[in-house]
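Worksheet: one structure, shown below.
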Amino acid sequence: MYTLMLWLLTATTEPFPPGFHDRPGVAEDGTAVVIRTGLWDDFRGGKAAVEQVLIPNEDGSFTYHYTRQSRLTRMYHATYCGYENMYPGEGDAVFSGPGTYGGWHCSRVTETRPSTELEHLTEPPT
């Protein structure tokens, strides 16, 4: 049974919450991206700055792809999902809707382990 959890927060039509900001970037393949830094739970009662590489879509939504993220972001993503007894979703996740500014895509599906795209969950793609 496939279980999907997509945790979304609010903000684009409103100002970002403290600790969130964007900067433009270009991926290695030439794709225009937004690098969004946000303060997320550090699982010890504090906050950790985590960058997400997002692809802007024509409709104003953003696409998050696990393999485009830095190793540190993938480690955070895996830890976040692990706290929910899940794995990071390795496919695309589209963050959209009024006020959406970030999220994490987790899955209980284990058939995809080990990853076919990454040698290790926190390693860059080959």
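Here, A, B, ... name the chains of the structure tokens in the order displayed, residue numbers run from 1 inside each chain, and ligands are numbered from 1 in the same displayed order.
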Tell me which protein, DNA and RNA residues are within 12 Å of Phe43 of chain A, counting only C-alpha atoms, leaving out same-chain ones fewer than 6 positions away, and put them as a PDB file with N, CA and C atoms, in the first residue's frame.
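The resulting file, selection_14.pdb, is reproduced below:
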```pdb
ATOM      1  N   TYR A  76      18.790  15.862   5.573  1.00  0.00           N
ATOM      2  CA  TYR A  76      17.703  16.420   6.371  1.00  0.00           C
ATOM      3  C   TYR A  76      16.379  15.768   5.969  1.00  0.00           C
ATOM      4  N   THR A  79      16.097  12.335   7.328  1.00  0.00           N
ATOM      5  CA  THR A  79      15.879  12.392   8.777  1.00  0.00           C
ATOM      6  C   THR A  79      14.442  12.784   9.085  1.00  0.00           C
ATOM      7  N   TYR A  80      13.945  13.804   8.388  1.00  0.00           N
ATOM      8  CA  TYR A  80      12.560  14.234   8.585  1.00  0.00           C
ATOM      9  C   TYR A  80      11.596  13.064   8.357  1.00  0.00           C
ATOM     10  N   CYS A  81      11.769  12.378   7.232  1.00  0.00           N
ATOM     11  CA  CYS A  81      10.885  11.253   6.921  1.00  0.00           C
ATOM     12  C   CYS A  81      11.081  10.115   7.914  1.00  0.00           C
ATOM     13  N   GLY A  82      12.327   9.887   8.337  1.00  0.00           N
ATOM     14  CA  GLY A  82      12.604   8.837   9.313  1.00  0.00           C
ATOM     15  C   GLY A  82      11.852   9.031  10.611  1.00  0.00           C
ATOM     16  N   TYR A  83      11.692  10.281  11.029  1.00  0.00           N
ATOM     17  CA  TYR A  83      10.921  10.565  12.238  1.00  0.00           C
ATOM     18  C   TYR A  83       9.451  10.186  12.071  1.00  0.00           C
ATOM     19  N   GLU A  84       9.004  10.048  10.845  1.00  0.00           N
ATOM     20  CA  GLU A  84       7.630   9.641  10.551  1.00  0.00           C
ATOM     21  C   GLU A  84       7.569   8.169  10.122  1.00  0.00           C
TER      22      GLU A  84
END
```
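Considering the residues A:Ser107, A:Met75, A:Phe95, A:Gly102 and counting only C-alpha atoms, Phe20 of chain A has its shortest atom-to-atom contact with A:Gly102.
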For atom CA of Ala27 of chain A and atom CA of Arg71 of chain A, determine how far apart the two atoms are, in Å to one decimal place. 14.9 Å
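Excluding Val94 of chain A itself and any same-chain residue fewer than 5 positions from it, the protein and nucleic acid residues within 10 Å of it, counting only C-alpha atoms, are A:Leu6, A:Leu54, A:Ile55, A:Pro56, A:Asn57, A:Ser61, A:Phe62, A:Thr63, A:Tyr64, A:His65, A:Gly102, A:Gly103, A:His105.
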Expected answer as a PyMOL selection string: strand (DSSP E or B) residues in segment 9-84 of chain A: chain A and resi 9-10+21-26+32-41+47-56+62-65
Would you mind exporting N, CA, C and O atoms of the selected residues as a compact mmCIF listing (two decimals), in the first residue's frame?
```txt
# COMPACT_ATOMS: atom_id res chain seq x y z
N LEU A 9 3.54 24.21 4.15
CA LEU A 9 3.37 25.37 5.02
C LEU A 9 2.83 26.53 4.20
O LEU A 9 2.76 26.46 2.99
N THR A 10 2.49 27.62 4.85
CA THR A 10 1.92 28.74 4.12
C THR A 10 2.88 29.91 3.97
O THR A 10 3.73 30.11 4.81
N HIS A 21 14.07 32.67 2.88
CA HIS A 21 14.37 33.60 1.79
C HIS A 21 14.76 32.82 0.53
O HIS A 21 15.13 31.64 0.61
N ASP A 22 14.65 33.47 -0.61
CA ASP A 22 14.98 32.88 -1.91
C ASP A 22 16.16 33.58 -2.54
O ASP A 22 16.40 34.76 -2.30
N ARG A 23 16.87 32.84 -3.39
CA ARG A 23 17.86 33.44 -4.28
C ARG A 23 17.80 32.66 -5.59
O ARG A 23 17.53 31.46 -5.60
N PRO A 24 18.00 33.35 -6.71
CA PRO A 24 17.96 32.66 -8.00
C PRO A 24 19.21 31.82 -8.20
O PRO A 24 20.27 32.11 -7.64
N GLY A 25 19.08 30.79 -9.01
CA GLY A 25 20.22 29.95 -9.32
C GLY A 25 20.03 29.27 -10.67
O GLY A 25 18.96 29.37 -11.28
N VAL A 26 21.07 28.62 -11.13
CA VAL A 26 21.02 27.85 -12.37
C VAL A 26 21.62 26.49 -12.07
O VAL A 26 22.74 26.39 -11.56
N ALA A 32 16.75 26.97 -14.82
CA ALA A 32 16.61 28.05 -13.84
C ALA A 32 15.95 27.47 -12.58
O ALA A 32 14.95 26.76 -12.67
N VAL A 33 16.52 27.76 -11.43
CA VAL A 33 16.00 27.25 -10.17
C VAL A 33 15.90 28.38 -9.15
O VAL A 33 16.49 29.45 -9.32
N VAL A 34 15.13 28.12 -8.12
CA VAL A 34 15.06 29.00 -6.95
C VAL A 34 15.67 28.21 -5.80
O VAL A 34 15.31 27.06 -5.56
N ILE A 35 16.62 28.82 -5.13
CA ILE A 35 17.23 28.19 -3.96
C ILE A 35 16.58 28.83 -2.75
O ILE A 35 16.81 30.00 -2.46
N ARG A 36 15.73 28.06 -2.09
CA ARG A 36 14.96 28.58 -0.96
C ARG A 36 15.58 28.06 0.33
O ARG A 36 15.70 26.87 0.54
N THR A 37 15.99 28.98 1.18
CA THR A 37 16.52 28.64 2.49
C THR A 37 15.44 28.89 3.51
O THR A 37 14.78 29.93 3.49
N GLY A 38 15.25 27.92 4.39
CA GLY A 38 14.24 28.06 5.43
C GLY A 38 14.71 27.46 6.73
O GLY A 38 15.59 26.59 6.75
N LEU A 39 14.14 27.95 7.80
CA LEU A 39 14.43 27.39 9.12
C LEU A 39 13.42 26.29 9.41
O LEU A 39 12.21 26.54 9.47
N TRP A 40 13.91 25.08 9.55
CA TRP A 40 13.09 23.91 9.81
C TRP A 40 13.47 23.30 11.15
O TRP A 40 14.57 23.53 11.67
N ASP A 41 12.60 22.50 11.69
CA ASP A 41 12.81 21.81 12.96
C ASP A 41 14.12 21.03 12.92
O ASP A 41 14.39 20.32 11.96
N LYS A 47 16.04 25.11 15.53
CA LYS A 47 15.82 25.28 14.10
C LYS A 47 17.13 25.07 13.36
O LYS A 47 18.20 25.37 13.87
N ALA A 48 17.03 24.56 12.13
CA ALA A 48 18.19 24.37 11.26
C ALA A 48 17.89 25.03 9.92
O ALA A 48 16.78 24.90 9.40
N ALA A 49 18.87 25.74 9.36
CA ALA A 49 18.71 26.34 8.04
C ALA A 49 18.92 25.25 6.99
O ALA A 49 19.96 24.58 6.97
N VAL A 50 17.91 25.05 6.14
CA VAL A 50 17.96 24.01 5.11
C VAL A 50 17.62 24.65 3.77
O VAL A 50 16.66 25.40 3.66
N GLU A 51 18.45 24.36 2.75
CA GLU A 51 18.20 24.87 1.40
C GLU A 51 17.45 23.83 0.58
O GLU A 51 17.77 22.64 0.64
N GLN A 52 16.46 24.30 -0.17
CA GLN A 52 15.76 23.46 -1.12
C GLN A 52 15.94 24.06 -2.51
O GLN A 52 15.74 25.26 -2.69
N VAL A 53 16.32 23.23 -3.48
CA VAL A 53 16.43 23.66 -4.87
C VAL A 53 15.08 23.37 -5.50
O VAL A 53 14.65 22.22 -5.57
N LEU A 54 14.40 24.41 -5.95
CA LEU A 54 13.06 24.29 -6.51
C LEU A 54 13.04 24.79 -7.94
O LEU A 54 13.68 25.78 -8.28
N ILE A 55 12.28 24.10 -8.78
CA ILE A 55 12.11 24.52 -10.17
C ILE A 55 10.78 25.26 -10.26
O ILE A 55 9.73 24.69 -9.96
N PRO A 56 10.80 26.55 -10.65
CA PRO A 56 9.54 27.28 -10.77
C PRO A 56 8.74 26.78 -11.98
O PRO A 56 9.31 26.53 -13.05
N PHE A 62 6.00 25.16 -7.54
CA PHE A 62 7.41 24.78 -7.58
C PHE A 62 7.52 23.26 -7.58
O PHE A 62 6.76 22.58 -6.89
N THR A 63 8.49 22.75 -8.33
CA THR A 63 8.76 21.31 -8.32
C THR A 63 10.02 21.05 -7.53
O THR A 63 11.05 21.70 -7.74
N TYR A 64 9.92 20.13 -6.60
CA TYR A 64 11.04 19.67 -5.77
C TYR A 64 11.42 18.29 -6.28
O TYR A 64 10.58 17.40 -6.36
N HIS A 65 12.67 18.10 -6.64
CA HIS A 65 13.15 16.79 -7.06
C HIS A 65 14.29 16.38 -6.15
O HIS A 65 15.29 17.10 -6.03
```
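Minimum distance to Arg68 of chain A across A:Arg44, A:Glu28, A:Cys106, A:Pro88 (counting only C-alpha atoms) occurs at A:Glu28.
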Extract the full set of alpha helix (DSSP H) residues from segment 43-106 of chain A according to DSSP on the backbone, and format it as an NGL selection string. :A and (71-82)
For the residues in the current selection, export N, CA, C and O atoms as a PDB file, in the first residue's frame.
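As written to disk, again-v4.pdb reads:
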```pdb
ATOM      1  N   ARG A  71      23.633  17.187  -0.732  1.00  0.00           N
ATOM      2  CA  ARG A  71      23.711  16.045   0.189  1.00  0.00           C
ATOM      3  C   ARG A  71      23.127  16.409   1.551  1.00  0.00           C
ATOM      4  O   ARG A  71      22.400  15.619   2.150  1.00  0.00           O
ATOM      5  N   LEU A  72      23.432  17.610   2.051  1.00  0.00           N
ATOM      6  CA  LEU A  72      22.894  18.019   3.355  1.00  0.00           C
ATOM      7  C   LEU A  72      21.367  18.079   3.345  1.00  0.00           C
ATOM      8  O   LEU A  72      20.719  17.674   4.313  1.00  0.00           O
ATOM      9  N   THR A  73      20.797  18.583   2.252  1.00  0.00           N
ATOM     10  CA  THR A  73      19.334  18.645   2.158  1.00  0.00           C
ATOM     11  C   THR A  73      18.749  17.241   2.101  1.00  0.00           C
ATOM     12  O   THR A  73      17.747  16.947   2.765  1.00  0.00           O
ATOM     13  N   ARG A  74      19.370  16.336   1.339  1.00  0.00           N
ATOM     14  CA  ARG A  74      18.881  14.952   1.292  1.00  0.00           C
ATOM     15  C   ARG A  74      18.988  14.290   2.656  1.00  0.00           C
ATOM     16  O   ARG A  74      18.123  13.515   3.059  1.00  0.00           O
ATOM     17  N   MET A  75      20.048  14.601   3.401  1.00  0.00           N
ATOM     18  CA  MET A  75      20.190  14.043   4.753  1.00  0.00           C
ATOM     19  C   MET A  75      19.078  14.559   5.665  1.00  0.00           C
ATOM     20  O   MET A  75      18.485  13.799   6.432  1.00  0.00           O
ATOM     21  N   TYR A  76      18.790  15.862   5.573  1.00  0.00           N
ATOM     22  CA  TYR A  76      17.703  16.420   6.371  1.00  0.00           C
ATOM     23  C   TYR A  76      16.379  15.768   5.969  1.00  0.00           C
ATOM     24  O   TYR A  76      15.589  15.362   6.818  1.00  0.00           O
ATOM     25  N   HIS A  77      16.131  15.663   4.661  1.00  0.00           N
ATOM     26  CA  HIS A  77      14.901  15.077   4.134  1.00  0.00           C
ATOM     27  C   HIS A  77      14.737  13.643   4.663  1.00  0.00           C
ATOM     28  O   HIS A  77      13.668  13.258   5.148  1.00  0.00           O
ATOM     29  N   ALA A  78      15.809  12.841   4.593  1.00  0.00           N
ATOM     30  CA  ALA A  78      15.760  11.463   5.082  1.00  0.00           C
ATOM     31  C   ALA A  78      15.487  11.425   6.586  1.00  0.00           C
ATOM     32  O   ALA A  78      14.720  10.584   7.067  1.00  0.00           O
ATOM     33  N   THR A  79      16.097  12.335   7.328  1.00  0.00           N
ATOM     34  CA  THR A  79      15.879  12.392   8.777  1.00  0.00           C
ATOM     35  C   THR A  79      14.442  12.784   9.085  1.00  0.00           C
ATOM     36  O   THR A  79      13.780  12.170   9.938  1.00  0.00           O
ATOM     37  N   TYR A  80      13.945  13.804   8.388  1.00  0.00           N
ATOM     38  CA  TYR A  80      12.560  14.234   8.585  1.00  0.00           C
ATOM     39  C   TYR A  80      11.596  13.064   8.357  1.00  0.00           C
ATOM     40  O   TYR A  80      10.725  12.788   9.178  1.00  0.00           O
ATOM     41  N   CYS A  81      11.769  12.378   7.232  1.00  0.00           N
ATOM     42  CA  CYS A  81      10.885  11.253   6.921  1.00  0.00           C
ATOM     43  C   CYS A  81      11.081  10.115   7.914  1.00  0.00           C
ATOM     44  O   CYS A  81      10.112   9.446   8.294  1.00  0.00           O
ATOM     45  N   GLY A  82      12.327   9.887   8.337  1.00  0.00           N
ATOM     46  CA  GLY A  82      12.604   8.837   9.313  1.00  0.00           C
ATOM     47  C   GLY A  82      11.852   9.031  10.611  1.00  0.00           C
ATOM     48  O   GLY A  82      11.402   8.069  11.228  1.00  0.00           O
TER      49      GLY A  82
END
```
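If you measure from each of A:Gly30, A:Asn85, A:Asp42, A:Asp92 to Thr67 of chain A using only C-alpha atoms, the closest one turns out to be A:Asp92.
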